[in-house]
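Asks: Take a look at the following structure, please.
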Amino acid sequence: MGIWIAEMKKGGLQIRYEQEERIHNEGCKDGYVVAHYQDPREMLCLWQKLQETKRAKCCGER
């Protein structure tokens, strides 16, 4: 993500950082907009559920 931001800044885009409470960087949580460190099978499952239900629902073991 940092590379994209740097490229946008170079292109003249003004960047504004905001706090988003639905971003979780330690795995997956239901309803969150970003899920980091998921294995490929979990990501496929997450995307399938998102397409079917229009809601973010984690697939991993709990």
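Residue names in the structure tokens use chain letters A, B, ... in the order shown, residue numbers from 1 in each chain, and ligand numbers from 1 in the order shown.
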Could you find all residues in chain A that DSSP calls helix (DSSP H, G or I) from the backbone, and write them as a PyMOL selection string?

Replies: chain A and resi 2-10+40-53

Asks: For CA of Cys58 in chain A and CA of Arg16 in chain A, determine how far apart the two atoms are, in Å to one decimal place.

Replies: 29.2 Å

Asks: Residues at most 12 Å from Trp4 in chain A, counting only C-alpha atoms, excluding those fewer than 5 positions away in the same chain, as a PyMOL selection string?

Replies: chain A and resi 9-11+13+15

Asks: Take the residues from that selection and put them in a file with C-alpha atoms, as a JSON list (two decimals), in the first residue's frame.

Replies:
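So again-v6.json came out as:
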[["chain", "number", "residue", "atom", "x", "y", "z"],
["A", 9, "LYS", "CA", 1.94, 11.61, -4.29],
["A", 10, "LYS", "CA", 4.43, 11.76, -7.17],
["A", 11, "GLY", "CA", 1.49, 12.20, -9.53],
["A", 13, "LEU", "CA", -2.54, 13.68, -5.66],
["A", 15, "ILE", "CA", -3.04, 12.31, 0.37]]

Asks: Report the residues of chain A whose backbone DSSP state falls under strand (DSSP E), written as a list in words.

Replies: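 Here is the list: Ile23, His24, Val34 and Ala35 of chain A.
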
Asks: How about saving the chosen residues, N, CA and C atoms kept, as a compact mmCIF listing (two decimals), in the first residue's frame?

Replies:
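Ended up saving to result-v6.txt:
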# COMPACT_ATOMS: atom_id res chain seq x y z
N ILE A 23 -10.45 -1.72 9.90
CA ILE A 23 -9.23 -2.33 9.39
C ILE A 23 -8.55 -3.06 10.54
N HIS A 24 -8.30 -4.33 10.34
CA HIS A 24 -7.70 -5.19 11.36
C HIS A 24 -6.50 -5.86 10.73
N VAL A 34 -10.59 -4.94 5.74
CA VAL A 34 -9.27 -5.45 5.35
C VAL A 34 -8.95 -6.66 6.22
N ALA A 35 -8.53 -7.75 5.60
CA ALA A 35 -8.12 -8.95 6.33
C ALA A 35 -6.71 -9.31 5.89

Asks: Applying 12 Å and only C-alpha atoms, which residues near Lys29 in chain A remain after dropping the ones on its own chain fewer than 6 positions away? List them as a list in words.

Replies: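 Non-adjacent residues within range: Glu21, Arg22, Ile23, Ala35, His36, Tyr37, Gln38, Leu46, Arg55, Ala56, Lys57, Cys58, Cys59, Gly60, Glu61 and Arg62 of chain A.
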
Asks: Please compute the CA of Tyr17 in chain A-CA of Gly31 in chain A distance, one decimal, in Å.

Replies: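 Separation between CA of Tyr17 in chain A and CA of Gly31 in chain A: 21.3 Å.
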
Asks: Between CA of Ile3 in chain A and CA of Leu50 in chain A, what is the distance in Å, rounded to a tenth?

Replies: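 Value for the CA of Ile3 in chain A-CA of Leu50 in chain A distance: 26.7 Å.
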